file input.tsv (TSV, C-alpha atoms and all ligand atoms)
chain	number	residue	atom	x	y	z
D	1	MET	CA	-3.93	58.97	43.50
D	2	LYS	CA	-4.80	60.73	40.28
D	3	ASN	CA	-6.31	59.13	37.21
D	4	ILE	CA	-4.88	59.31	33.72
D	5	ALA	CA	-6.15	57.76	30.49
D	6	ILE	CA	-4.78	57.03	27.05
D	7	LEU	CA	-6.45	56.48	23.67
D	8	CYS	CA	-5.43	55.96	20.06
D	9	SER	CA	-7.14	57.96	17.33
D	10	GLY	CA	-6.97	57.89	13.53
D	11	GLY	CA	-4.64	55.50	11.70
D	12	ASP	CA	-2.84	52.96	13.86
D	13	VAL	CA	0.95	52.68	13.74
D	14	SER	CA	3.45	50.15	14.93
D	15	GLY	CA	4.83	51.63	18.13
D	16	MET	CA	1.47	52.23	19.79
D	17	ASN	CA	1.69	49.01	21.83
D	18	PRO	CA	5.14	49.83	23.24
D	19	ALA	CA	3.69	53.27	24.08
D	20	LEU	CA	0.75	51.66	25.91
D	21	LYS	CA	3.08	49.41	27.87
D	22	HIS	CA	5.25	52.29	29.01
D	23	PHE	CA	2.16	54.40	29.73
D	24	VAL	CA	0.98	51.83	32.27
D	25	GLU	CA	4.38	51.28	33.82
D	26	TYR	CA	5.38	54.94	34.04
D	27	SER	CA	1.96	56.00	35.36
D	28	ILE	CA	2.20	53.48	38.19
D	29	GLN	CA	5.76	54.59	38.89
D	30	LYS	CA	4.46	58.16	39.20
D	31	GLU	CA	1.61	57.04	41.49
D	32	LEU	CA	-1.11	57.58	38.91
D	33	ASN	CA	-3.97	55.20	38.11
D	34	PRO	CA	-3.75	54.33	34.38
D	35	PHE	CA	-6.90	53.80	32.30
D	36	PHE	CA	-7.31	52.60	28.71
D	37	ILE	CA	-9.97	54.10	26.46
D	38	TYR	CA	-10.79	51.54	23.77
D	39	ASP	CA	-11.53	52.39	20.11
D	40	GLY	CA	-10.53	56.03	20.17
D	41	TYR	CA	-13.09	58.82	20.54
D	42	GLU	CA	-15.85	56.36	19.72
D	43	GLY	CA	-14.99	54.42	22.87
D	44	LEU	CA	-14.71	57.61	24.87
D	45	ILE	CA	-18.30	58.43	23.92
D	46	ASP	CA	-19.47	54.84	24.49
D	47	ASN	CA	-17.74	54.60	27.86
D	48	LYS	CA	-15.30	51.85	26.90
D	49	ILE	CA	-12.90	52.90	29.61
D	50	LYS	CA	-11.08	50.48	31.87
D	51	LYS	CA	-8.61	50.79	34.72
D	52	VAL	CA	-5.51	48.82	33.81
D	53	SER	CA	-2.38	47.38	35.32
D	54	TYR	CA	0.79	45.53	34.36
D	55	CYS	CA	-0.98	42.37	33.26
D	56	ASP	CA	-2.93	44.33	30.61
D	57	VAL	CA	0.27	45.16	28.78
D	58	SER	CA	2.29	42.01	29.22
D	59	GLY	CA	3.57	40.61	25.96
D	60	ILE	CA	2.37	43.47	23.75
D	61	ILE	CA	5.68	45.24	23.11
D	62	THR	CA	6.45	42.99	20.16
D	63	ARG	CA	3.14	43.57	18.40
D	64	GLY	CA	2.19	46.14	15.75
D	65	GLY	CA	-1.15	47.92	15.74
D	66	THR	CA	-2.77	48.85	19.02
D	67	LYS	CA	-4.17	46.59	21.67
D	68	ILE	CA	-6.81	49.16	22.59
D	69	GLY	CA	-8.07	49.78	19.06
D	70	SER	CA	-8.44	53.06	17.23
D	71	SER	CA	-11.16	54.83	15.26
D	72	ARG	CA	-12.21	57.87	13.37
D	73	SER	CA	-15.26	59.35	15.01
D	74	LYS	CA	-17.79	61.59	13.32
D	75	ARG	CA	-19.71	61.78	16.58
D	76	PHE	CA	-16.79	63.42	18.41
D	77	MET	CA	-17.18	66.36	16.03
D	78	GLN	CA	-20.52	67.08	17.70
D	79	LYS	CA	-20.80	68.98	20.94
D	80	LYS	CA	-23.47	66.72	22.48
D	81	HIS	CA	-21.29	63.63	22.08
D	82	ARG	CA	-18.29	65.43	23.53
D	83	GLN	CA	-20.50	66.21	26.54
D	84	THR	CA	-21.20	62.48	26.89
D	85	ALA	CA	-17.45	61.86	26.69
D	86	LYS	CA	-16.87	64.38	29.46
D	87	ASP	CA	-19.58	62.79	31.63
D	88	ASN	CA	-17.89	59.38	31.19
D	89	LEU	CA	-14.52	60.79	32.27
D	90	ASP	CA	-16.09	62.60	35.23
D	91	ALA	CA	-17.71	59.40	36.44
D	92	LEU	CA	-14.25	57.86	36.70
D	93	ASP	CA	-12.59	61.05	37.93
D	94	ILE	CA	-10.20	61.20	34.97
D	95	ASN	CA	-8.88	64.63	34.10
D	96	MET	CA	-5.66	63.83	32.23
D	97	LEU	CA	-5.58	62.33	28.75
D	98	ILE	CA	-2.88	61.19	26.38
D	99	VAL	CA	-3.78	60.73	22.74
D	100	LEU	CA	-1.71	58.86	20.18
D	101	GLY	CA	-2.77	60.20	16.79
D	102	GLY	CA	-2.37	62.81	14.10
D	103	ASP	CA	-3.08	66.51	13.98
D	104	GLY	CA	-6.79	65.93	13.30
D	105	SER	CA	-7.03	64.00	16.55
D	106	PHE	CA	-5.18	66.73	18.44
D	107	ARG	CA	-7.49	69.37	17.00
D	108	GLY	CA	-10.49	67.40	18.25
D	109	LEU	CA	-9.03	67.08	21.71
D	110	ASP	CA	-8.11	70.74	21.82
D	111	ILE	CA	-11.76	71.62	21.20
D	112	PHE	CA	-12.70	69.17	23.96
D	113	TYR	CA	-10.21	70.84	26.32
D	114	ARG	CA	-11.57	74.30	25.58
D	115	GLU	CA	-15.10	73.14	26.32
D	116	HIS	CA	-14.47	70.96	29.34
D	117	GLY	CA	-10.96	71.67	30.66
D	118	VAL	CA	-9.66	68.09	30.42
D	119	ARG	CA	-5.88	68.40	30.26
D	120	PHE	CA	-4.30	66.48	27.43
D	121	CYS	CA	-0.96	65.79	25.81
D	122	GLY	CA	-0.67	64.50	22.24
D	123	VAL	CA	1.91	62.09	20.87
D	124	PRO	CA	2.34	62.41	17.08
D	125	SER	CA	1.72	58.98	15.58
D	126	THR	CA	1.49	58.51	11.84
D	127	ILE	CA	3.64	56.63	9.36
D	128	ASP	CA	3.35	59.53	6.89
D	129	ASN	CA	5.71	61.71	8.96
D	130	ASP	CA	3.75	64.72	7.74
D	131	ILE	CA	3.07	66.58	10.99
D	132	PHE	CA	4.52	70.06	10.65
D	133	ALA	CA	5.98	70.68	14.09
D	134	THR	CA	7.79	67.39	14.67
D	135	GLU	CA	10.74	65.80	12.91
D	136	TYR	CA	9.55	62.34	13.87
D	137	CYS	CA	6.22	60.63	14.33
D	138	LEU	CA	5.81	57.30	16.07
D	139	GLY	CA	5.64	54.42	13.59
D	140	VAL	CA	7.72	55.89	10.78
D	141	ASP	CA	10.82	53.77	11.36
D	142	THR	CA	8.89	50.49	11.47
D	143	ALA	CA	7.05	51.47	8.28
D	144	LEU	CA	10.37	52.20	6.57
D	145	ASN	CA	11.68	48.82	7.64
D	146	ILE	CA	8.58	47.08	6.28
D	147	ILE	CA	8.99	48.91	2.97
D	148	LYS	CA	12.68	47.94	2.90
D	149	THR	CA	11.84	44.26	3.43
D	150	SER	CA	9.16	44.41	0.71
D	151	ILE	CA	11.45	46.06	-1.82
D	152	ASP	CA	14.25	43.61	-1.06
D	153	ALA	CA	11.82	40.78	-1.79
D	154	LEU	CA	10.54	42.41	-4.99
D	155	ARG	CA	14.10	42.86	-6.18
D	156	ASP	CA	14.57	39.07	-6.12
D	157	THR	CA	11.63	38.43	-8.41
D	158	ALA	CA	12.25	41.52	-10.58
D	159	SER	CA	15.75	40.34	-11.44
D	160	SER	CA	14.61	36.79	-12.18
D	161	PHE	CA	11.99	37.90	-14.70
D	162	LYS	CA	13.52	41.05	-16.25
D	163	ARG	CA	10.83	43.32	-14.96
D	164	ALA	CA	10.27	46.82	-13.73
D	165	PHE	CA	8.46	47.09	-10.43
D	166	VAL	CA	6.62	50.26	-9.54
D	167	VAL	CA	6.32	50.23	-5.77
D	168	GLU	CA	3.71	52.59	-4.35
D	169	THR	CA	4.21	53.82	-0.82
D	170	MET	CA	1.82	55.66	1.49
D	171	GLY	CA	2.33	59.22	2.66
D	172	ARG	CA	-0.63	61.24	1.40
D	173	ASP	CA	0.94	64.53	0.20
D	174	CYS	CA	4.27	63.79	1.85
D	175	GLY	CA	6.96	61.88	-0.06
D	176	TYR	CA	9.08	61.08	2.99
D	177	LEU	CA	8.55	57.31	3.00
D	178	ALA	CA	9.21	57.07	-0.75
D	179	LEU	CA	12.29	59.26	-0.65
D	180	VAL	CA	13.98	57.56	2.30
D	181	SER	CA	13.10	54.14	0.85
D	182	HIS	CA	14.60	55.16	-2.48
D	183	LEU	CA	17.85	56.34	-0.93
D	184	THR	CA	18.19	53.24	1.21
D	185	SER	CA	17.00	50.62	-1.27
D	186	GLY	CA	19.04	51.68	-4.26
D	187	SER	CA	16.03	52.05	-6.53
D	188	GLU	CA	16.38	53.53	-10.00
D	189	LEU	CA	13.57	56.04	-9.87
D	190	CYS	CA	11.74	57.93	-7.14
D	191	LEU	CA	8.69	60.10	-7.69
D	192	ILE	CA	7.29	62.22	-4.87
D	193	PRO	CA	4.67	64.99	-4.72
D	194	GLU	CA	7.23	67.56	-3.59
D	195	LEU	CA	9.25	67.37	-6.80
D	196	ASP	CA	8.02	67.86	-10.35
D	197	TYR	CA	9.20	65.22	-12.78
D	198	ASP	CA	9.43	64.51	-16.46
D	199	LEU	CA	9.67	60.82	-17.23
D	200	SER	CA	10.94	61.44	-20.76
D	201	LEU	CA	14.22	62.68	-19.26
D	202	HIS	CA	14.96	59.12	-18.09
D	203	GLU	CA	14.19	57.30	-21.33
D	204	GLU	CA	17.53	57.44	-23.06
D	205	GLU	CA	19.49	56.52	-19.93
D	206	PHE	CA	17.20	53.62	-18.94
D	207	LYS	CA	17.26	52.14	-22.46
D	208	LYS	CA	21.04	52.42	-22.52
D	209	GLN	CA	21.22	50.61	-19.19
D	210	ILE	CA	19.14	47.73	-20.57
D	211	LYS	CA	21.50	47.49	-23.55
D	212	ASN	CA	24.38	47.34	-21.09
D	213	GLY	CA	22.83	44.41	-19.26
D	214	ARG	CA	20.38	45.81	-16.71
D	215	ARG	CA	17.72	43.18	-16.00
D	216	TYR	CA	15.28	45.10	-13.84
D	217	PHE	CA	14.19	48.45	-12.48
D	218	ILE	CA	12.69	49.41	-9.17
D	219	ALA	CA	10.71	52.65	-9.12
D	220	ILE	CA	9.38	53.95	-5.82
D	221	VAL	CA	6.44	56.29	-6.14
D	222	SER	CA	4.55	58.07	-3.42
D	223	GLU	CA	0.76	57.79	-3.46
D	224	GLY	CA	0.41	61.59	-3.71
D	225	ILE	CA	2.06	62.09	-7.13
D	226	LYS	CA	0.10	63.46	-10.07
D	227	GLN	CA	-0.10	60.11	-11.89
D	228	ASP	CA	-1.49	56.73	-11.03
D	229	SER	CA	1.17	54.06	-10.37
D	230	GLN	CA	-0.21	52.01	-13.28
D	231	GLU	CA	0.58	54.90	-15.62
D	232	ILE	CA	4.21	54.75	-14.51
D	233	ALA	CA	4.23	51.00	-15.19
D	234	ASN	CA	2.70	51.65	-18.64
D	235	TRP	CA	5.49	54.12	-19.33
D	236	PHE	CA	8.10	51.46	-18.52
D	237	GLU	CA	6.43	49.05	-20.94
D	238	ARG	CA	5.83	51.50	-23.80
D	239	LYS	CA	8.84	53.75	-23.62
D	240	ILE	CA	11.55	51.64	-22.00
D	241	GLY	CA	10.44	48.31	-23.40
D	242	ILE	CA	10.42	46.24	-20.24
D	243	GLU	CA	7.55	44.32	-18.71
D	244	ALA	CA	6.28	46.19	-15.66
D	245	ARG	CA	4.19	45.46	-12.59
D	246	VAL	CA	2.72	47.67	-9.90
D	247	SER	CA	3.00	46.73	-6.26
D	248	VAL	CA	0.90	48.87	-3.93
D	249	LEU	CA	2.27	48.23	-0.45
D	250	GLY	CA	-0.84	49.72	1.17
D	251	HIS	CA	-1.71	48.83	4.74
D	252	ILE	CA	1.19	46.39	5.07
D	253	GLN	CA	3.23	49.51	5.79
D	254	ARG	CA	1.29	50.14	8.99
D	255	GLY	CA	1.86	46.75	10.54
D	256	GLY	CA	4.76	44.65	11.71
D	257	ASN	CA	6.82	44.18	14.79
D	258	PRO	CA	7.83	47.62	16.19
D	259	SER	CA	11.45	48.50	15.42
D	260	ILE	CA	13.97	49.26	18.17
D	261	TYR	CA	13.80	52.93	17.23
D	262	ASP	CA	10.01	53.04	17.54
D	263	ARG	CA	10.11	51.22	20.87
D	264	LEU	CA	12.62	53.73	22.17
D	265	MET	CA	10.70	56.70	20.77
D	266	ALA	CA	7.48	55.35	22.26
D	267	TYR	CA	9.24	55.21	25.63
D	268	LYS	CA	10.51	58.77	25.31
D	269	PHE	CA	7.29	60.28	23.92
D	270	ILE	CA	5.21	58.77	26.72
D	271	THR	CA	7.65	59.80	29.43
D	272	HIS	CA	7.52	63.39	28.16
D	273	ALA	CA	3.73	63.33	27.85
D	274	ILE	CA	3.16	62.12	31.41
D	275	ASP	CA	5.78	64.50	32.82
D	276	ARG	CA	4.04	67.36	31.04
D	277	LEU	CA	0.65	66.51	32.51
D	278	LEU	CA	2.17	66.14	35.97
D	279	GLU	CA	3.51	69.68	35.60
D	280	LYS	CA	-0.17	70.64	35.30
D	281	LYS	CA	0.30	71.88	31.74
D	282	THR	CA	-2.89	71.71	29.78
D	283	ASN	CA	-3.10	71.17	26.03
D	284	SER	CA	0.17	70.38	24.37
D	285	ILE	CA	1.78	68.06	21.84
D	286	VAL	CA	5.16	66.41	22.43
D	287	CYS	CA	7.30	67.14	19.39
D	288	TYR	CA	10.71	65.80	18.50
D	289	THR	CA	12.86	68.51	16.94
D	290	LYS	CA	16.54	69.09	16.16
D	291	LYS	CA	16.76	70.51	19.70
D	292	GLY	CA	15.26	67.35	21.19
D	293	PHE	CA	11.80	66.99	22.75
D	294	VAL	CA	9.74	70.15	23.08
D	295	TYR	CA	6.07	70.88	23.70
D	296	LYS	CA	3.95	72.77	21.20
D	297	SER	CA	0.38	73.96	21.00
D	298	ILE	CA	-2.02	72.57	18.44
D	299	ASP	CA	-1.93	75.93	16.62
D	300	GLU	CA	1.84	75.66	16.24
D	301	VAL	CA	1.53	72.04	15.16
D	302	VAL	CA	-0.84	72.89	12.31
D	303	SER	CA	0.57	76.32	11.45
D	304	GLY	CA	2.43	75.10	8.37
D	305	LYS	CA	2.84	72.30	5.89
D	306	LYS	CA	5.62	69.88	6.62
D	307	ALA	CA	8.51	70.33	4.19
D	308	LEU	CA	10.82	67.48	3.34
D	309	ASP	CA	14.30	67.69	4.79
D	310	LYS	CA	16.30	69.85	2.34
D	311	ASN	CA	19.35	67.62	2.50
D	312	LEU	CA	17.33	64.50	1.67
D	313	LEU	CA	15.57	66.30	-1.17
D	314	GLY	CA	18.94	67.55	-2.40
D	315	TYR	CA	20.18	63.98	-2.84
D	316	LEU	CA	17.23	63.23	-5.11
D	317	LYS	CA	17.54	66.46	-7.10
D	318	ASN	CA	21.19	65.73	-7.79
D	319	GLN	CA	20.54	62.29	-9.24
Q	1	LIG	P1	-5.47	62.20	12.27
Q	1	LIG	O1	-5.50	62.31	13.75
Q	1	LIG	O2	-4.67	61.04	11.81
Q	1	LIG	O3	-5.10	63.51	11.61
Q	1	LIG	P2	-8.25	62.54	11.48
Q	1	LIG	O4	-8.01	63.87	10.84
Q	1	LIG	O5	-9.06	61.54	10.74
Q	1	LIG	O6	-6.92	61.76	11.81
Q	1	LIG	O7	-8.91	62.81	12.91
Q	1	LIG	C1	-9.18	61.75	13.77
Q	1	LIG	C2	-10.41	62.04	14.59
Q	1	LIG	O8	-10.21	63.22	15.36
Q	1	LIG	C3	-11.66	62.32	13.80
Q	1	LIG	O9	-12.30	61.16	13.36
Q	1	LIG	C4	-12.51	63.05	14.83
Q	1	LIG	O10	-13.09	62.14	15.73
Q	1	LIG	C5	-11.46	63.84	15.60
Q	1	LIG	N1	-11.46	65.23	15.09
Q	1	LIG	C6	-10.74	65.73	14.06
Q	1	LIG	N2	-11.02	67.04	13.86
Q	1	LIG	C7	-11.95	67.37	14.78
Q	1	LIG	C8	-12.68	68.57	15.11
Q	1	LIG	N3	-12.49	69.70	14.43
Q	1	LIG	N4	-13.56	68.50	16.13
Q	1	LIG	C9	-13.76	67.37	16.83
Q	1	LIG	N5	-13.13	66.21	16.56
Q	1	LIG	C10	-12.25	66.21	15.56
call {"tool": "encode", "arguments": {"input": "input.tsv", "output": "structure tokens", "more": "lines below"}}
Ligand code: ADP
result
Amino acid sequence: MKNIAILCSGGDVSGMNPALKHFVEYSIQKELNPFFIYDGYEGLIDNKIKKVSYCDVSGIITRGGTKIGSSRSKRFMQKKHRQTAKDNLDALDINMLIVLGGDGSFRGLDIFYREHGVRFCGVPSTIDNDIFATEYCLGVDTALNIIKTSIDALRDTASSFKRAFVVETMGRDCGYLALVSHLTSGSELCLIPELDYDLSLHEEEFKKQIKNGRRYFIAIVSEGIKQDSQEIANWFERKIGIEARVSVLGHIQRGGNPSIYDRLMAYKFITHAIDRLLEKKTNSIVCYTKKGFVYKSIDEVVSGKKALDKNLLGYLKNQ
């Protein structure tokens, strides 16, 4: 029997635990020995590697985060520590790796592959949905659902107190979470890094709406915009004349019970990753595209900057 290992690297997402569960089950089905590497590349260097079985993944499908931990590792950037990592894998006769992470993690593993020949397959996992080559990253749907629940709750209090709420979502330079949340939460304003804005263009309309009985506003802003969220709240107070509060959703967006969609995508991503390694393919990333699941190299994955879906952006531009 051959040995295969999995690790999580970079930011955790909800959907990693369902992926771990299917990794164990599908590996055993394919007559592979599954191993967990705890705490990402740090654990790979520190030899936190354990052979696992069904009982290690029982009951985890409902939980966010990752049972095996994750990390960012400065040491993995150094050749000598990658050598230690290779020695640890050799001692357990592991030569196939799956990594759940972002493009930085894949880049690191690609370097590791080129040095030591350990075959790997990456599964894009980030709530930001900002990986160029894939339409979907594990964790995005759960994050959107968490944001939806938060905004629904804020709406209750906003309407009771006649307030504007500026809700800040994650996403680094990518406004995907903010844009989709705006379109699906019926918010009044959405600001994302991909689209220039001029707040003064909204002043007349918003003031008119208050005169006509509007009691509250919800503005969804992505963390990557040119202004601080507090500045947007100040604008509501000074220019629109309504009390305003900022709500930074922050790490809440990463947690929560994995959605059905993320559980299903975890299942599919892992199946494709293991199948790929069993075909003896070396260093690839499973990407979900309009054509379905495909495999891409790390160079393809990082060869461009992810653009927001034109149709989605069009809805915002037309508002
Ligand atoms: P993400 O995977 O979410 O893009 P990072 O960019 O923080 O996250 O990368 C995660 C980890 O991947 C880093 O902490 C490091 O251990 C590893 N890594 C990233 N780039 C490299 C590299 N050029 N060489 C070696 N390891 C790297």
call {"tool": "residues_around", "arguments": {"input": "input.tsv", "residues": "Ile232 in chain D", "least_positions_apart": "5", "cutoff": "9 Å", "atoms": "all atoms listed in the file", "output": "PyMOL selection string"}}
result
chain D and resi 166+199+219+221+227+237+244+246
call {"tool": "residues_near_ligand", "arguments": {"input": "input.tsv", "ligand": "ligand LIG 1 (chain Q)", "cutoff": "7 Å", "atoms": "all atoms listed in the file", "output": "tab-separated table (two decimals) with C-alpha atoms, keeping the file's coordinate frame"}}
result
chain	number	residue	atom	x	y	z
D	9	SER	CA	-7.14	57.96	17.33
D	10	GLY	CA	-6.97	57.89	13.53
D	11	GLY	CA	-4.64	55.50	11.70
D	41	TYR	CA	-13.09	58.82	20.54
D	71	SER	CA	-11.16	54.83	15.26
D	72	ARG	CA	-12.21	57.87	13.37
D	73	SER	CA	-15.26	59.35	15.01
D	74	LYS	CA	-17.79	61.59	13.32
D	75	ARG	CA	-19.71	61.78	16.58
D	76	PHE	CA	-16.79	63.42	18.41
D	77	MET	CA	-17.18	66.36	16.03
D	78	GLN	CA	-20.52	67.08	17.70
D	101	GLY	CA	-2.77	60.20	16.79
D	102	GLY	CA	-2.37	62.81	14.10
D	103	ASP	CA	-3.08	66.51	13.98
D	104	GLY	CA	-6.79	65.93	13.30
D	105	SER	CA	-7.03	64.00	16.55
D	106	PHE	CA	-5.18	66.73	18.44
D	107	ARG	CA	-7.49	69.37	17.00
D	108	GLY	CA	-10.49	67.40	18.25
D	109	LEU	CA	-9.03	67.08	21.71
D	111	ILE	CA	-11.76	71.62	21.20
D	126	THR	CA	1.49	58.51	11.84
call {"tool": "closest_atom_pairs", "arguments": {"input": "input.tsv", "of": "range 127-170 of chain D", "to": "range 278-289 of chain D", "cutoff": "7 Å", "atoms": "only C-alpha atoms", "output": "CSV"}}
result
residue,atom,partner,partner_atom,distance
D:Ala133,CA,D:Cys287,CA,6.5
D:Thr134,CA,D:Cys287,CA,4.8
D:Glu135,CA,D:Thr289,CA,5.3
D:Tyr136,CA,D:Tyr288,CA,5.9
call {"tool": "write_last_selection", "arguments": {"input": "input.tsv", "atoms": "C-alpha atoms", "output": "compact mmCIF listing (two decimals), keeping the file's coordinate frame"}}
result
# COMPACT_ATOMS: atom_id res chain seq x y z
CA ALA D 133 5.98 70.68 14.09
CA THR D 134 7.79 67.39 14.67
CA GLU D 135 10.74 65.80 12.91
CA TYR D 136 9.55 62.34 13.87
call {"tool": "closest_residue", "arguments": {"input": "input.tsv", "among": "D:Leu100, D:Val140, D:Ala85, D:Leu92", "to": "Asn17 in chain D", "atoms": "all atoms listed in the file"}}
result
D:Leu100
call {"tool": "closest_residue", "arguments": {"input": "input.tsv", "among": "D:Thr271, D:Cys8, D:Cys55, D:Ser181", "to": "Thr149 in chain D", "atoms": "only C-alpha atoms"}}
result
D:Ser181
call {"tool": "axis_aligned_box", "arguments": {"input": "input.tsv", "around": "range 155-168 of chain D", "padding_each_side": "8 Å", "output": "JSON"}}
result
{"center_x": 9.7, "center_y": 44.7, "center_z": -10.3, "size_x": 28.0, "size_y": 31.8, "size_z": 27.9}
call {"tool": "closest_residue", "arguments": {"input": "input.tsv", "among": "D:Ser259, D:Ser150, D:Ser200, D:Ser187", "to": "Phe236 in chain D", "atoms": "all atoms listed in the file"}}
result
D:Ser200
call {"tool": "closest_residue", "arguments": {"input": "input.tsv", "among": "D:Lys21, D:Lys148, D:Arg119, D:Lys268", "to": "Thr169 in chain D", "atoms": "all atoms listed in the file"}}
result
D:Lys148
call {"tool": "decode", "arguments": {"input": "input.tsv", "residues": "range 287-301 of chain D", "atoms": "N, CA, C and O atoms", "output": "PDB file, in the first residue's frame"}}
result
ATOM      1  N   CYS D 287      -8.563  22.890 -10.099  1.00  0.00           N
ATOM      2  CA  CYS D 287      -9.299  24.148 -10.229  1.00  0.00           C
ATOM      3  C   CYS D 287     -10.712  23.865 -10.714  1.00  0.00           C
ATOM      4  O   CYS D 287     -10.938  22.928 -11.476  1.00  0.00           O
ATOM      5  N   TYR D 288     -11.640  24.685 -10.243  1.00  0.00           N
ATOM      6  CA  TYR D 288     -13.025  24.539 -10.686  1.00  0.00           C
ATOM      7  C   TYR D 288     -13.316  25.671 -11.665  1.00  0.00           C
ATOM      8  O   TYR D 288     -13.256  26.845 -11.302  1.00  0.00           O
ATOM      9  N   THR D 289     -13.586  25.319 -12.904  1.00  0.00           N
ATOM     10  CA  THR D 289     -13.802  26.341 -13.931  1.00  0.00           C
ATOM     11  C   THR D 289     -15.188  26.163 -14.547  1.00  0.00           C
ATOM     12  O   THR D 289     -15.924  25.247 -14.171  1.00  0.00           O
ATOM     13  N   LYS D 290     -15.495  27.021 -15.511  1.00  0.00           N
ATOM     14  CA  LYS D 290     -16.810  26.909 -16.190  1.00  0.00           C
ATOM     15  C   LYS D 290     -16.932  25.557 -16.902  1.00  0.00           C
ATOM     16  O   LYS D 290     -18.024  25.075 -17.157  1.00  0.00           O
ATOM     17  N   LYS D 291     -15.780  24.952 -17.208  1.00  0.00           N
ATOM     18  CA  LYS D 291     -15.797  23.639 -17.871  1.00  0.00           C
ATOM     19  C   LYS D 291     -15.798  22.505 -16.851  1.00  0.00           C
ATOM     20  O   LYS D 291     -15.675  21.344 -17.214  1.00  0.00           O
ATOM     21  N   GLY D 292     -15.867  22.813 -15.597  1.00  0.00           N
ATOM     22  CA  GLY D 292     -15.814  21.788 -14.550  1.00  0.00           C
ATOM     23  C   GLY D 292     -14.428  21.737 -13.922  1.00  0.00           C
ATOM     24  O   GLY D 292     -13.672  22.713 -13.981  1.00  0.00           O
ATOM     25  N   PHE D 293     -14.072  20.589 -13.347  1.00  0.00           N
ATOM     26  CA  PHE D 293     -12.770  20.467 -12.676  1.00  0.00           C
ATOM     27  C   PHE D 293     -11.667  20.225 -13.702  1.00  0.00           C
ATOM     28  O   PHE D 293     -11.802  19.379 -14.580  1.00  0.00           O
ATOM     29  N   VAL D 294     -10.597  20.991 -13.554  1.00  0.00           N
ATOM     30  CA  VAL D 294      -9.415  20.806 -14.408  1.00  0.00           C
ATOM     31  C   VAL D 294      -8.183  20.898 -13.502  1.00  0.00           C
ATOM     32  O   VAL D 294      -8.284  21.328 -12.350  1.00  0.00           O
ATOM     33  N   TYR D 295      -7.050  20.500 -14.028  1.00  0.00           N
ATOM     34  CA  TYR D 295      -5.801  20.600 -13.265  1.00  0.00           C
ATOM     35  C   TYR D 295      -4.916  21.656 -13.901  1.00  0.00           C
ATOM     36  O   TYR D 295      -4.808  21.725 -15.126  1.00  0.00           O
ATOM     37  N   LYS D 296      -4.308  22.479 -13.057  1.00  0.00           N
ATOM     38  CA  LYS D 296      -3.424  23.521 -13.590  1.00  0.00           C
ATOM     39  C   LYS D 296      -2.106  23.512 -12.839  1.00  0.00           C
ATOM     40  O   LYS D 296      -2.033  23.041 -11.699  1.00  0.00           O
ATOM     41  N   SER D 297      -1.097  24.079 -13.487  1.00  0.00           N
ATOM     42  CA  SER D 297       0.205  24.189 -12.821  1.00  0.00           C
ATOM     43  C   SER D 297       0.200  25.440 -11.951  1.00  0.00           C
ATOM     44  O   SER D 297      -0.619  26.337 -12.144  1.00  0.00           O
ATOM     45  N   ILE D 298       1.148  25.501 -11.047  1.00  0.00           N
ATOM     46  CA  ILE D 298       1.228  26.680 -10.174  1.00  0.00           C
ATOM     47  C   ILE D 298       1.469  27.937 -11.015  1.00  0.00           C
ATOM     48  O   ILE D 298       0.922  29.007 -10.719  1.00  0.00           O
ATOM     49  N   ASP D 299       2.245  27.807 -12.104  1.00  0.00           N
ATOM     50  CA  ASP D 299       2.503  28.998 -12.932  1.00  0.00           C
ATOM     51  C   ASP D 299       1.209  29.507 -13.563  1.00  0.00           C
ATOM     52  O   ASP D 299       0.993  30.716 -13.647  1.00  0.00           O
ATOM     53  N   GLU D 300       0.352  28.590 -13.993  1.00  0.00           N
ATOM     54  CA  GLU D 300      -0.941  29.033 -14.539  1.00  0.00           C
ATOM     55  C   GLU D 300      -1.798  29.663 -13.444  1.00  0.00           C
ATOM     56  O   GLU D 300      -2.495  30.646 -13.667  1.00  0.00           O
ATOM     57  N   VAL D 301      -1.724  29.070 -12.259  1.00  0.00           N
ATOM     58  CA  VAL D 301      -2.572  29.544 -11.163  1.00  0.00           C
ATOM     59  C   VAL D 301      -2.221  30.978 -10.769  1.00  0.00           C
ATOM     60  O   VAL D 301      -3.091  31.765 -10.427  1.00  0.00           O
TER      61      VAL D 301
END
